[in-house]
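Shown here: work.cif, mmCIF, C-alpha atoms, pLDDT in the B column; chains and numbers go by the auth columns.
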```cif
data_structure
#
loop_
_atom_site.group_PDB
_atom_site.id
_atom_site.type_symbol
_atom_site.label_atom_id
_atom_site.label_comp_id
_atom_site.label_asym_id
_atom_site.label_seq_id
_atom_site.Cartn_x
_atom_site.Cartn_y
_atom_site.Cartn_z
_atom_site.B_iso_or_equiv
_atom_site.auth_seq_id
_atom_site.auth_asym_id
ATOM 1 C CA MET A 1 -40.882 -102.333 -6.511 66.00 1 A
ATOM 2 C CA ARG A 2 -42.460 -103.671 -3.347 77.00 2 A
ATOM 3 C CA GLY A 3 -43.081 -100.825 -0.918 79.00 3 A
ATOM 4 C CA LYS A 4 -42.273 -98.117 -3.482 81.00 4 A
ATOM 5 C CA SER A 5 -45.646 -96.804 -4.628 84.00 5 A
ATOM 6 C CA ASP A 6 -44.087 -93.940 -6.614 83.00 6 A
ATOM 7 C CA ARG A 7 -42.053 -96.472 -8.597 79.00 7 A
ATOM 8 C CA VAL A 8 -45.124 -98.627 -9.243 81.00 8 A
ATOM 9 C CA ASN A 9 -46.973 -95.547 -10.527 81.00 9 A
ATOM 10 C CA THR A 10 -44.074 -94.684 -12.854 79.00 10 A
ATOM 11 C CA CYS A 11 -43.770 -98.179 -14.314 78.00 11 A
ATOM 12 C CA THR A 12 -47.437 -99.170 -14.697 81.00 12 A
ATOM 13 C CA THR A 13 -50.454 -97.837 -16.549 83.00 13 A
ATOM 14 C CA ALA A 14 -54.163 -98.509 -16.857 86.00 14 A
ATOM 15 C CA GLN A 15 -53.975 -97.494 -20.535 86.00 15 A
ATOM 16 C CA PHE A 16 -53.595 -100.770 -22.426 86.00 16 A
ATOM 17 C CA ASP A 17 -55.372 -103.008 -24.930 87.00 17 A
ATOM 18 C CA GLY A 18 -55.695 -106.728 -24.184 87.00 18 A
ATOM 19 C CA MET A 19 -53.941 -109.048 -21.766 88.00 19 A
ATOM 20 C CA ALA A 20 -51.976 -112.271 -22.139 85.00 20 A
ATOM 21 C CA ALA A 21 -51.503 -114.602 -19.163 87.00 21 A
ATOM 22 C CA ILE A 22 -48.237 -116.506 -19.626 86.00 22 A
ATOM 23 C CA MET A 23 -47.621 -119.446 -17.314 89.00 23 A
ATOM 24 C CA ASP A 24 -44.566 -121.026 -18.978 88.00 24 A
ATOM 25 C CA PRO A 25 -42.667 -118.363 -20.954 83.00 25 A
ATOM 26 C CA LYS A 26 -40.218 -120.855 -22.485 84.00 26 A
ATOM 27 C CA GLU A 27 -42.992 -123.017 -23.997 87.00 27 A
ATOM 28 C CA SER A 28 -45.677 -120.430 -24.782 86.00 28 A
ATOM 29 C CA TRP A 29 -46.302 -119.406 -28.406 86.00 29 A
ATOM 30 C CA VAL A 30 -47.878 -116.202 -27.047 81.00 30 A
ATOM 31 C CA ALA A 31 -44.661 -115.438 -25.151 81.00 31 A
ATOM 32 C CA ARG A 32 -42.661 -115.961 -28.349 83.00 32 A
ATOM 33 C CA TRP A 33 -45.130 -113.763 -30.298 80.00 33 A
ATOM 34 C CA LYS A 34 -44.886 -111.016 -27.637 75.00 34 A
ATOM 35 C CA ARG A 35 -41.129 -111.647 -27.367 76.00 35 A
ATOM 36 C CA VAL A 36 -41.311 -112.088 -23.601 73.00 36 A
ATOM 37 C CA ASP A 37 -40.221 -115.742 -23.679 70.00 37 A
ATOM 38 C CA VAL A 38 -37.230 -114.912 -21.475 69.00 38 A
ATOM 39 C CA SER A 39 -39.458 -113.251 -18.874 76.00 39 A
ATOM 40 C CA VAL A 40 -41.174 -114.584 -15.792 82.00 40 A
ATOM 41 C CA PRO A 41 -44.714 -116.010 -15.673 87.00 41 A
ATOM 42 C CA GLY A 42 -47.365 -113.331 -15.318 85.00 42 A
ATOM 43 C CA VAL A 43 -50.015 -111.235 -16.999 86.00 43 A
ATOM 44 C CA TYR A 44 -48.742 -108.956 -19.741 82.00 44 A
ATOM 45 C CA ALA A 45 -50.431 -106.141 -21.691 83.00 45 A
ATOM 46 C CA VAL A 46 -50.759 -106.817 -25.413 82.00 46 A
ATOM 47 C CA ARG A 47 -50.349 -103.143 -26.338 83.00 47 A
ATOM 48 C CA LEU A 48 -49.847 -99.999 -24.259 81.00 48 A
ATOM 49 C CA SER A 49 -51.845 -96.888 -25.121 83.00 49 A
ATOM 50 C CA THR A 50 -49.720 -94.302 -23.364 81.00 50 A
ATOM 51 C CA LYS A 51 -46.495 -92.366 -23.704 80.00 51 A
ATOM 52 C CA MET A 52 -43.421 -93.779 -21.977 81.00 52 A
ATOM 53 C CA SER A 53 -41.430 -91.165 -20.085 82.00 53 A
ATOM 54 C CA GLU A 54 -37.959 -90.349 -21.377 85.00 54 A
ATOM 55 C CA SER A 55 -36.459 -91.043 -17.938 85.00 55 A
ATOM 56 C CA LEU A 56 -37.948 -94.556 -17.932 83.00 56 A
ATOM 57 C CA LYS A 57 -36.665 -95.184 -21.490 84.00 57 A
ATOM 58 C CA LEU A 58 -33.164 -94.118 -20.401 87.00 58 A
ATOM 59 C CA GLU A 59 -33.305 -96.239 -17.264 85.00 59 A
ATOM 60 C CA LEU A 60 -34.308 -99.310 -19.261 83.00 60 A
ATOM 61 C CA GLU A 61 -31.554 -98.587 -21.776 86.00 61 A
ATOM 62 C CA ASP A 62 -29.012 -98.437 -18.923 89.00 62 A
ATOM 63 C CA LEU A 63 -30.207 -101.911 -17.860 85.00 63 A
ATOM 64 C CA GLY A 64 -29.737 -103.218 -21.401 84.00 64 A
ATOM 65 C CA ILE A 65 -33.496 -103.415 -22.034 78.00 65 A
ATOM 66 C CA THR A 66 -34.842 -102.058 -25.306 77.00 66 A
ATOM 67 C CA PRO A 67 -38.497 -101.010 -25.050 76.00 67 A
ATOM 68 C CA ARG A 68 -40.730 -102.550 -27.737 74.00 68 A
ATOM 69 C CA MET A 69 -41.968 -99.316 -29.276 72.00 69 A
ATOM 70 C CA ASP A 70 -44.052 -101.300 -31.798 71.00 70 A
ATOM 71 C CA MET A 71 -46.193 -102.379 -28.809 70.00 71 A
ATOM 72 C CA ILE A 72 -46.808 -98.813 -27.631 74.00 72 A
ATOM 73 C CA THR A 73 -49.358 -96.469 -29.191 75.00 73 A
ATOM 74 C CA GLU A 74 -48.236 -93.099 -27.865 70.00 74 A
ATOM 75 C CA THR A 75 -51.120 -90.713 -27.345 61.00 75 A
#
```
Translate this file's structure into structure tokens.
Amino acid sequence: MRGKSDRVNTCTTAQFDGMAAIMDPKESWVARWKRVDVSVPGVYAVRLSTKMSESLKLELEDLGITPRMDMITET
């Protein structure tokens, strides 16, 4: 997403509750709990408090990624 500010705005939000910093996803119990143990090290939101756009849901689905709707409180 580097250099694509519109893409960053589409895929990020300031509406979230809590953060988890995961340094070693394969060894982290937090990564297993959040089910991001196959992801890269980084800072992850614990829960999103926003609605995910339908176009983003479809795009993720096309990539074989299923959004964790239990971690999203749609307002």
Practice prompt. Excluding range 13-28 of chain A and residues on its chain fewer than 3 positions from it, collect all residues at most 12 Å away from it, counting only C-alpha atoms, and give them as a ChimeraX atom specification.
Written response: /A:7-10,31-53,71-75
Item to complete: Give me, please, the distance in Å between CA of Lys4 in chain A and CA of Glu54 in chain A, quoted to one decimal.
Response: 20.0 Å
Write out as lines of an AutoDock Vina configuration file an axis-aligned box for range 13-20 of chain A: all of its atoms listed in the file, 8 Å added on each side, centre and edge lengths in Å with one decimal.
```
center_x = -53.1
center_y = -104.9
center_z = -20.7
size_x = 21.2
size_y = 30.8
size_z = 24.4
```
Worksheet entry | Straight-line distance linking CA of Lys57 in chain A with CA of Thr12 in chain A, stated in Å to one decimal | 13.3 Å
Item to complete: Could you jot down the CA of Leu56 in chain A to CA of Val30 in chain A separation for me, Å, one decimal place?
Response: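 Straight-line distance from CA of Leu56 in chain A to CA of Val30 in chain A works out to 25.5 Å.
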